[in-house]
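File shown: target-v7.txt. Contents: compact mmCIF, C-alpha atoms and all ligand atoms.
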```txt
# COMPACT_ATOMS: atom_id res chain seq x y z
CA MET K 1 302.40 258.79 57.70
CA PRO K 2 301.58 262.10 59.40
CA ASN K 3 298.14 263.52 58.99
CA TYR K 4 299.22 266.40 56.73
CA TYR K 5 297.42 269.75 56.86
CA SER K 6 295.05 270.27 53.98
CA ILE K 7 295.97 272.78 51.29
CA ILE K 8 293.60 275.35 49.81
CA GLU K 9 293.82 275.92 46.04
CA VAL K 10 292.95 279.58 45.58
CA ASN K 11 291.12 280.32 42.33
CA PRO K 12 292.08 283.66 40.64
CA GLU K 13 288.37 284.36 40.13
CA TRP K 14 287.88 284.61 43.89
CA MET K 15 290.21 287.63 44.22
CA LEU K 16 288.86 290.78 45.87
CA ASP K 17 291.41 293.48 46.83
CA GLN K 18 295.11 293.77 47.39
CA GLU K 19 295.97 294.45 51.03
CA SER K 20 298.16 297.52 51.23
CA MET K 21 299.21 297.17 54.86
CA GLY K 22 302.27 295.21 55.86
CA SER K 23 305.42 294.58 53.91
CA LYS K 24 304.64 291.58 51.76
CA GLU K 25 302.53 290.98 48.67
CA LYS K 26 299.08 289.62 49.48
CA PHE K 27 295.43 289.83 48.50
CA TRP K 28 292.00 289.19 49.93
CA TYR K 29 289.65 286.68 48.36
CA ARG K 30 286.27 285.12 49.03
CA GLU K 31 284.97 281.85 47.72
CA PRO K 32 281.60 282.58 46.09
CA GLU K 33 278.43 280.83 47.19
CA VAL K 34 280.01 279.60 50.40
CA GLU K 35 278.25 280.38 53.64
CA PRO K 36 279.13 281.95 55.98
CA ARG K 37 280.76 284.59 53.76
CA ILE K 38 284.32 284.83 55.01
CA ASP K 39 287.24 286.71 53.49
CA PHE K 40 290.72 285.22 53.46
CA LEU K 41 294.10 286.86 52.98
CA PHE K 42 296.50 285.04 50.68
CA LYS K 43 300.08 285.85 51.70
CA TYR K 44 303.06 285.18 49.45
CA PRO K 45 306.17 284.21 51.38
CA ARG K 46 309.23 286.33 50.60
CA PRO K 47 311.18 284.40 47.94
CA GLY K 48 313.43 281.77 49.50
CA SER K 49 311.83 282.16 52.92
CA GLY K 50 309.58 279.79 54.84
CA GLU K 51 306.99 282.43 55.68
CA HIS K 52 304.13 280.19 54.57
CA TRP K 53 304.95 277.28 56.85
CA SER K 54 306.02 279.53 59.74
CA GLU K 55 302.63 281.27 59.56
CA LYS K 56 300.83 277.92 59.71
CA ILE K 57 302.97 276.40 62.47
CA ALA K 58 302.63 279.56 64.55
CA ALA K 59 298.85 279.48 64.29
CA GLU K 60 298.80 275.80 65.28
CA VAL K 61 301.06 276.45 68.28
CA ALA K 62 298.67 279.24 69.31
CA ARG K 63 295.72 276.87 68.89
CA CYS K 64 297.43 274.26 71.08
CA LEU K 65 298.01 276.94 73.75
CA ASP K 66 294.43 278.13 73.44
CA ILE K 67 295.59 281.62 72.47
CA ASP K 68 293.21 283.72 70.39
CA ARG K 69 294.65 283.93 66.86
CA ALA K 70 293.61 284.22 63.24
CA ASN K 71 293.16 280.81 61.65
CA VAL K 72 295.70 279.94 58.98
CA GLU K 73 295.82 277.31 56.23
CA LEU K 74 298.48 276.38 53.72
CA ALA K 75 297.48 277.45 50.23
CA ILE K 76 298.54 277.47 46.59
CA PHE K 77 297.85 280.32 44.18
CA GLN K 78 298.94 279.98 40.55
CA ASP K 79 301.64 277.45 41.45
CA THR K 80 302.99 279.60 44.28
CA LEU K 81 303.01 278.12 47.77
CA GLY K 82 301.67 280.48 50.40
CA SER K 83 299.33 280.71 53.34
CA VAL K 84 295.84 282.06 53.85
CA THR K 85 294.57 283.80 56.95
CA GLU K 86 290.88 283.89 57.83
CA SER K 87 289.61 287.42 58.40
CA PHE K 88 288.42 288.32 61.87
CA THR K 89 286.95 291.65 60.74
CA ARG K 90 283.43 290.62 59.97
CA ASN K 91 280.02 291.22 61.54
CA GLY K 92 280.70 294.94 61.72
CA LEU K 93 284.05 294.62 63.50
CA ALA K 94 286.64 297.26 62.63
CA LEU K 95 290.36 296.75 63.29
CA PHE K 96 292.40 299.62 64.73
CA HIS K 97 296.11 298.89 64.71
CA GLY K 98 298.47 299.54 67.59
CA ASN K 99 300.02 302.56 65.88
CA GLN K 100 296.61 304.24 65.45
CA LEU K 101 295.90 303.73 69.15
CA LEU K 102 299.35 304.69 70.43
CA GLU K 103 299.23 307.89 68.43
CA VAL K 104 296.28 308.99 70.54
CA THR K 105 297.58 307.92 73.95
CA VAL K 106 301.34 308.52 73.75
CA GLN K 107 302.71 312.00 73.27
CA ASP K 108 304.83 312.49 70.11
CA TYR K 109 304.16 308.95 68.90
CA ASP K 110 304.91 308.67 65.18
CA PRO K 111 302.46 306.13 63.77
CA GLU K 112 304.25 305.97 60.41
CA ARG K 113 307.65 305.04 61.79
CA ARG K 114 308.46 301.52 60.60
CA TYR K 115 311.93 300.97 62.03
CA ARG K 116 313.30 301.77 65.47
CA GLN K 117 309.94 302.88 66.81
CA THR K 118 311.38 302.86 70.30
CA PHE K 119 308.17 304.33 71.76
CA HIS K 120 306.51 300.99 71.02
CA THR K 121 307.21 299.79 74.57
CA LEU K 122 305.23 297.39 76.71
CA ASP K 123 304.43 300.22 79.13
CA ASN K 124 303.01 302.33 76.30
CA VAL K 125 300.94 299.38 75.06
CA TRP K 126 299.60 298.96 78.61
CA GLN K 127 298.76 302.66 78.75
CA THR K 128 296.85 302.35 75.49
CA LEU K 129 294.86 299.38 76.74
CA GLU K 130 294.10 301.22 79.98
CA GLN K 131 292.50 304.02 77.99
CA ALA K 132 290.63 301.84 75.52
CA PHE K 133 288.39 300.05 77.99
CA ALA K 134 285.84 301.68 80.24
CA GLU K 135 285.87 298.90 82.85
CA PRO K 136 288.93 297.72 84.84
CA GLU K 137 287.88 294.16 84.02
CA GLY K 138 288.20 294.95 80.30
CA VAL K 139 291.72 296.35 80.78
CA ARG K 140 292.76 293.35 82.83
CA ASN K 141 291.48 290.84 80.29
CA ALA K 142 293.13 292.67 77.39
CA LYS K 143 296.47 292.75 79.22
CA LEU K 144 296.23 289.06 80.07
CA GLU K 145 295.52 288.29 76.42
CA PHE K 146 298.27 290.55 75.13
CA ALA K 147 300.66 288.82 77.55
CA GLU K 148 299.65 285.52 75.94
CA TYR K 149 300.55 286.91 72.50
CA LEU K 150 304.00 287.83 73.80
CA ILE K 151 304.39 284.35 75.26
CA LEU K 152 303.48 282.90 71.86
CA ASP K 153 306.10 285.20 70.28
CA ALA K 154 308.71 283.94 72.73
CA VAL K 155 307.88 280.29 71.97
CA ILE K 156 308.10 280.66 68.19
CA GLY K 157 310.72 283.42 68.11
CA ASN K 158 308.43 285.96 66.41
CA THR K 159 310.47 289.12 65.99
CA ASP K 160 307.79 291.13 64.24
CA ARG K 161 305.28 292.24 66.91
CA HIS K 162 305.49 295.83 65.73
CA HIS K 163 302.72 298.40 66.04
CA GLU K 164 300.79 297.23 62.96
CA ASN K 165 300.84 293.61 64.08
CA TRP K 166 298.32 293.89 66.90
CA GLY K 167 295.19 295.91 67.40
CA LEU K 168 291.76 296.34 68.88
CA LEU K 169 288.45 295.38 67.34
CA TYR K 170 285.58 297.85 67.66
CA ARG K 171 281.94 297.22 66.98
CA HIS K 172 279.06 299.67 67.14
CA THR K 173 275.90 298.09 68.52
CA ASP K 174 272.51 299.81 68.80
CA VAL K 175 273.34 300.86 72.32
CA ASP K 176 277.10 301.16 72.68
CA LEU K 177 280.59 300.68 71.27
CA ARG K 178 282.20 297.33 72.10
CA VAL K 179 285.94 296.80 72.09
CA ARG K 180 288.24 293.84 72.44
CA LEU K 181 291.80 292.87 71.63
CA ALA K 182 292.02 291.50 68.09
CA PRO K 183 293.18 287.90 67.72
CA SER K 184 296.91 287.56 67.26
CA PHE K 185 298.00 287.71 63.58
CA ASP K 186 301.07 287.90 61.32
CA HIS K 187 303.45 285.38 62.82
CA ALA K 188 305.42 284.82 59.62
CA SER K 189 308.70 286.23 60.99
CA SER K 190 309.39 283.31 63.26
CA LEU K 191 310.94 279.83 63.54
CA GLY K 192 314.11 280.77 61.65
CA ARG K 193 312.12 281.12 58.45
CA GLU K 194 314.70 283.49 56.89
CA LEU K 195 317.73 281.18 57.15
CA SER K 196 319.23 279.08 54.35
CA ASP K 197 319.53 275.38 55.08
CA THR K 198 323.32 275.69 55.09
CA ARG K 199 323.16 278.34 57.78
CA ARG K 200 320.55 276.39 59.74
CA ASP K 201 322.63 273.22 59.67
CA ARG K 202 325.66 275.14 60.85
CA VAL K 203 323.76 276.73 63.74
CA LEU K 204 322.36 273.33 64.68
CA THR K 205 325.66 271.43 64.55
CA GLU K 206 327.52 274.17 66.40
CA GLY K 207 324.84 274.17 69.12
CA ARG K 208 324.03 277.85 68.59
CA VAL K 209 320.23 277.72 68.46
CA GLY K 210 320.07 279.42 71.86
CA ALA K 211 322.36 282.24 70.71
CA TYR K 212 320.24 282.68 67.58
CA SER K 213 317.13 283.03 69.72
CA GLU K 214 318.66 285.36 72.29
CA ARG K 215 320.14 287.68 69.66
CA ALA K 216 316.98 288.27 67.64
CA PRO K 217 315.66 291.79 68.37
CA GLY K 218 311.89 291.90 68.81
CA GLY K 219 309.24 294.43 67.77
CA ILE K 220 308.49 295.71 71.29
CA TYR K 221 310.99 297.90 73.12
CA TRP K 222 311.61 297.85 76.83
CA SER K 223 312.59 301.49 77.11
CA ALA K 224 312.21 304.31 74.59
CA ASP K 225 315.96 304.97 75.08
CA ASP K 226 316.99 301.51 73.84
CA ARG K 227 318.58 301.03 70.45
CA ASN K 228 316.95 297.63 69.84
CA GLY K 229 314.00 295.80 71.22
CA PRO K 230 314.96 292.84 73.43
CA SER K 231 314.52 289.37 71.95
CA PRO K 232 311.01 287.99 72.43
CA LEU K 233 312.46 285.72 75.16
CA GLU K 234 314.25 288.52 76.97
CA LEU K 235 311.12 290.68 76.80
CA LEU K 236 309.27 287.90 78.60
CA ARG K 237 311.96 287.62 81.30
CA ARG K 238 311.68 291.31 82.03
CA ALA K 239 307.90 291.46 81.72
CA VAL K 240 307.27 288.59 84.11
CA ARG K 241 309.48 290.26 86.71
CA VAL K 242 307.61 293.55 86.52
CA TYR K 243 304.10 292.30 85.72
CA PRO K 244 303.89 288.77 87.19
CA ASP K 245 300.10 288.95 87.58
CA TYR K 246 299.67 289.42 83.84
CA PHE K 247 302.32 287.00 82.58
CA ARG K 248 302.21 284.08 85.05
CA PRO K 249 298.74 282.82 83.99
CA GLY K 250 299.85 282.60 80.34
CA LEU K 251 303.15 280.93 81.27
CA LEU K 252 301.24 278.26 83.18
CA LYS K 253 299.41 277.41 79.95
CA LEU K 254 302.70 276.32 78.39
CA GLU K 255 302.23 272.87 79.86
CA LEU K 256 299.59 272.41 77.15
CA LEU K 257 302.41 272.38 74.58
CA THR K 258 304.37 269.14 74.98
CA GLU K 259 307.38 268.01 72.99
CA ASN K 260 305.08 265.60 71.15
CA ASN K 261 302.69 268.43 70.26
CA ILE K 262 305.56 270.41 68.76
CA MET K 263 306.76 267.50 66.66
CA GLU K 264 303.25 266.76 65.46
CA ILE K 265 302.48 270.38 64.58
CA VAL K 266 305.68 270.63 62.53
CA ASN K 267 305.42 267.21 60.92
CA ARG K 268 301.90 267.85 59.69
CA ILE K 269 303.39 270.28 57.14
CA PRO K 270 303.47 268.19 53.93
CA ALA K 271 306.79 266.63 52.96
CA ASP K 272 307.56 268.84 49.97
CA TRP K 273 306.68 272.09 51.75
CA MET K 274 309.49 272.01 54.29
CA THR K 275 313.00 270.52 54.32
CA ASP K 276 314.26 268.32 57.15
CA SER K 277 316.67 271.05 58.10
CA GLN K 278 313.82 273.57 58.43
CA ARG K 279 311.89 271.09 60.58
CA PHE K 280 314.84 270.29 62.88
CA PHE K 281 315.57 273.96 63.35
CA ALA K 282 311.94 274.96 64.05
CA VAL K 283 311.62 272.18 66.63
CA ALA K 284 315.01 272.93 68.24
CA LEU K 285 314.18 276.64 68.49
CA MET K 286 310.84 276.00 70.17
CA GLN K 287 312.44 273.47 72.52
CA TYR K 288 315.09 275.97 73.56
CA ASN K 289 312.54 278.74 74.03
CA LEU K 290 310.21 276.53 76.05
CA GLU K 291 313.07 275.42 78.30
CA GLN K 292 313.93 279.05 78.98
CA LEU K 293 310.32 279.97 79.60
CA SER K 294 309.89 277.06 82.02
CA GLU K 295 312.41 278.80 84.30
CA LEU K 296 310.10 281.78 84.62
CA THR K 297 307.15 279.99 86.25
N1 LIG G 1 293.07 287.63 60.00
C1 LIG G 1 292.95 288.92 59.69
N2 LIG G 1 291.76 289.55 59.78
C2 LIG G 1 291.66 290.85 59.47
N3 LIG G 1 292.67 291.61 59.04
C3 LIG G 1 293.89 291.03 58.92
C4 LIG G 1 294.09 289.67 59.24
N4 LIG G 1 295.38 289.36 59.01
C5 LIG G 1 295.96 290.48 58.55
N5 LIG G 1 295.06 291.50 58.48
C6 LIG G 1 295.30 292.87 58.01
O1 LIG G 1 296.20 292.82 56.91
C7 LIG G 1 297.39 293.55 57.24
C8 LIG G 1 298.57 292.83 56.63
O2 LIG G 1 298.62 291.48 57.07
P1 LIG G 1 299.90 290.88 57.77
O3 LIG G 1 299.60 289.44 58.07
O4 LIG G 1 300.27 291.72 58.94
O5 LIG G 1 300.96 290.98 56.59
P2 LIG G 1 302.51 291.37 56.55
O6 LIG G 1 303.24 290.11 56.90
O7 LIG G 1 302.79 291.82 55.17
O8 LIG G 1 302.72 292.47 57.55
C9 LIG G 1 297.42 293.60 58.77
O9 LIG G 1 298.16 294.69 59.23
C10 LIG G 1 295.94 293.72 59.09
O10 LIG G 1 295.52 295.05 58.88
MG MG G 2 302.01 292.65 59.42
```

Could you spell out this file's structure in C-alpha cells?
Amino acid sequence: MPNYYSIIEVNPEWMLDQESMGSKEKFWYREPEVEPRIDFLFKYPRPGSGEHWSEKIAAEVARCLDIDRANVELAIFQDTLGSVTESFTRNGLALFHGNQLLEVTVQDYDPERRYRQTFHTLDNVWQTLEQAFAEPEGVRNAKLEFAEYLILDAVIGNTDRHHENWGLLYRHTDVDLRVRLAPSFDHASSLGRELSDTRRDRVLTEGRVGAYSERAPGGIYWSADDRNGPSPLELLRRAVRVYPDYFRPGLLKLELLTENNIMEIVNRIPADWMTDSQRFFAVALMQYNLEQLSELT
C-alpha cells in the first residue's frame, strides 16, 4: 500500500483571518501552543474541482525538483477536503506581489487588471527583477529561480502564474533592506484539476492529452500585443530560445523527476481523495510535458 500523505484536521478554534487576495475562499489559522509559531492558509477547492490534490502534488513535484516553494499538506476543515499552505511571511518578511512591483517599473501597468493583463510579460518581469536587486548577482539568482518556477508550471500545466501569484520578500534588518524572490505558491490551477472524469477519460482515450496541454493559455504573456498568454510549455520553448542561460540550468534539473517519482507523488494521495481517472490524467499530463521539455535541453 502506498505511503499516503498525512492529513491535517483543522480545528475551527485555530482560525485567524480570512485571506482576501486570490479568487477562492480561504483562511489563515495557527495551532496554539505549537512552536515555532507558524501560520497556515486553508484553501477550499472550487466545488467539483481537484484543487486540493493539485496543490499538494504540485508542491511535491517542486520538492522533488528542489524548487523553492511553499509547503503544502492535505487538510480537512468541517468535513470539507482542502489543502493547507505553510506561510513563508514570518520573521519580519513582507510579501510584495508581482503586480505591486510591475506597477512601479512598467509604464501604464494596471495592477488591478485580473484578466488579459498582457503587460505581464516575461520581459517585464525581468525588468522588475533587474530593478529590485542592487547587485547583478541578486538579479541573476532571482531570474534563475523564476525560470525554475516557470519550468515547474510547464511540468504540471499550471495556467495561473498571474501577477498576484509570485512576488518578492523584503525584510528590514538593522543595517539594510534584504530582498529575495518569494517561494513559488498557488499551483492549484494545474494537472487538469477542472475536468470532469468523463471529459478526462475522453481526452485520455482519444490521445488528446498533448492537445489539452498545448492549448491551455498561461498567466504570462510573451508580447503585450498578444491576445492570450502562450501555454506554460510554449512559454518555456520561447524562453529557452531567448534566455538559454537562465532556463537551461533549471531544465537540467528535470532529470531529478523520474517516471517513478511522478507515480509515487500522485499515488501518495489517499485513495478516497482522488479518482483513478484523475490520477491517470495527472500522470499522463506530466509525462507529456516532461517529454516535450526534454527536447529543449
Ligand atoms: N505560503 C504563503 N505564505 C504567505 N502568503 C501566502 C502563501 N500562500 C498564499 N499567500 C497569500 O495569499 C494569497 C492567496 O493565496 P493563493 O494561494 O494565491 O490563493 P488563490 O488560489 O485564491 O489565488 C496570495 O496571493 C498571497 O498573498
Ligand atoms: Mg493566487

Within-6 Å residues of ligand LIG 1 (chain G), basis all atoms listed in the file, as a short mmCIF file (atom, residue, chain, number, x, y, z; two decimals) with C-alpha atoms, in the coordinates of the input:
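The file below, part.cif, is the result:
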```
data_model
loop_
_atom_site.label_atom_id
_atom_site.label_comp_id
_atom_site.auth_asym_id
_atom_site.auth_seq_id
_atom_site.Cartn_x
_atom_site.Cartn_y
_atom_site.Cartn_z
CA MET K 21 299.21 297.17 54.86
CA GLY K 22 302.27 295.21 55.86
CA SER K 23 305.42 294.58 53.91
CA LYS K 24 304.64 291.58 51.76
CA ALA K 70 293.61 284.22 63.24
CA THR K 85 294.57 283.80 56.95
CA GLU K 86 290.88 283.89 57.83
CA SER K 87 289.61 287.42 58.40
CA PHE K 88 288.42 288.32 61.87
CA THR K 89 286.95 291.65 60.74
CA GLU K 164 300.79 297.23 62.96
CA ASN K 165 300.84 293.61 64.08
CA PHE K 185 298.00 287.71 63.58
CA ASP K 186 301.07 287.90 61.32
#
```

In Å to one decimal, how far is atom CA of K:Phe42 from atom CA of K:Val84?
->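 Computing the Euclidean distance for atom CA of K:Val84 and atom CA of K:Phe42 yields 4.4 Å.
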
Provide the atom CA of K:Leu296 to atom CA of K:Asp226 distance in Å, to one decimal place.
-> 23.5 Å

Using all atoms listed in the file, find the one residue out of K:Leu150, K:Ala211, K:Ile156, K:Leu257 that sits nearest to K:Glu55.
-> K:Ile156

Using only C-alpha atoms, pick whichever of K:Ile151, K:Val10, K:Leu93, K:Leu16 has the shortest atom-to-atom distance to K:Leu236.
->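 Of K:Ile151, K:Val10, K:Leu93, K:Leu16, the one nearest K:Leu236 is K:Ile151, counting only C-alpha atoms.
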
Using all atoms listed in the file, give me every residue within 7 Å of (297.2, 280.5, 42.8) in file coordinates, as a list in words.
->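 So the residues meeting the distance criterion are Glu9, Val10, Asn11, Pro12, Ile76, Phe77, Gln78, Asp79 and Thr80 of chain K.
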
Restricting the calculation to all atoms listed in the file, which member of K:Ser184, K:Thr121, K:Ser54, K:Gln100 is positioned closest to ligand MG 2 (chain G)?
->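 With all atoms listed in the file as the atom set, the closest residue is K:Ser184.
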
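Taking only C-alpha atoms, the non-local environment of K:Pro2 within 9 Å (same-chain residues fewer than 3 positions away omitted) comprises Glu264, Asn267, Arg268, Ile269 and Pro270 of chain K.
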
Place a sphere of radius 10 Å on (312.5, 305.5, 68.2) in the file coordinates and name every protein, DNA or RNA residue with an atom inside or on its surface, counting all atoms listed in the file; give the answer as a list in words.
->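 Those within range, by chain then number, are Tyr109, Asp110, Arg113, Arg114, Tyr115, Arg116, Gln117, Thr118, Phe119, His120, Tyr221, Ser223, Ala224, Asp225, Asp226, Arg227 and Asn228 of chain K.
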
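Counting from atom CA of K:Asn289, the distance to atom CA of K:Ala154 is 6.6 Å.
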
Selection near stretch 187-195 of chain K, 7 Å with all atoms listed in the file, sequence-local residues under 2 positions removed, as number ranges by chain | K: 49-52, 54-55, 58, 156-160, 185, 197, 199-200, 282, 285
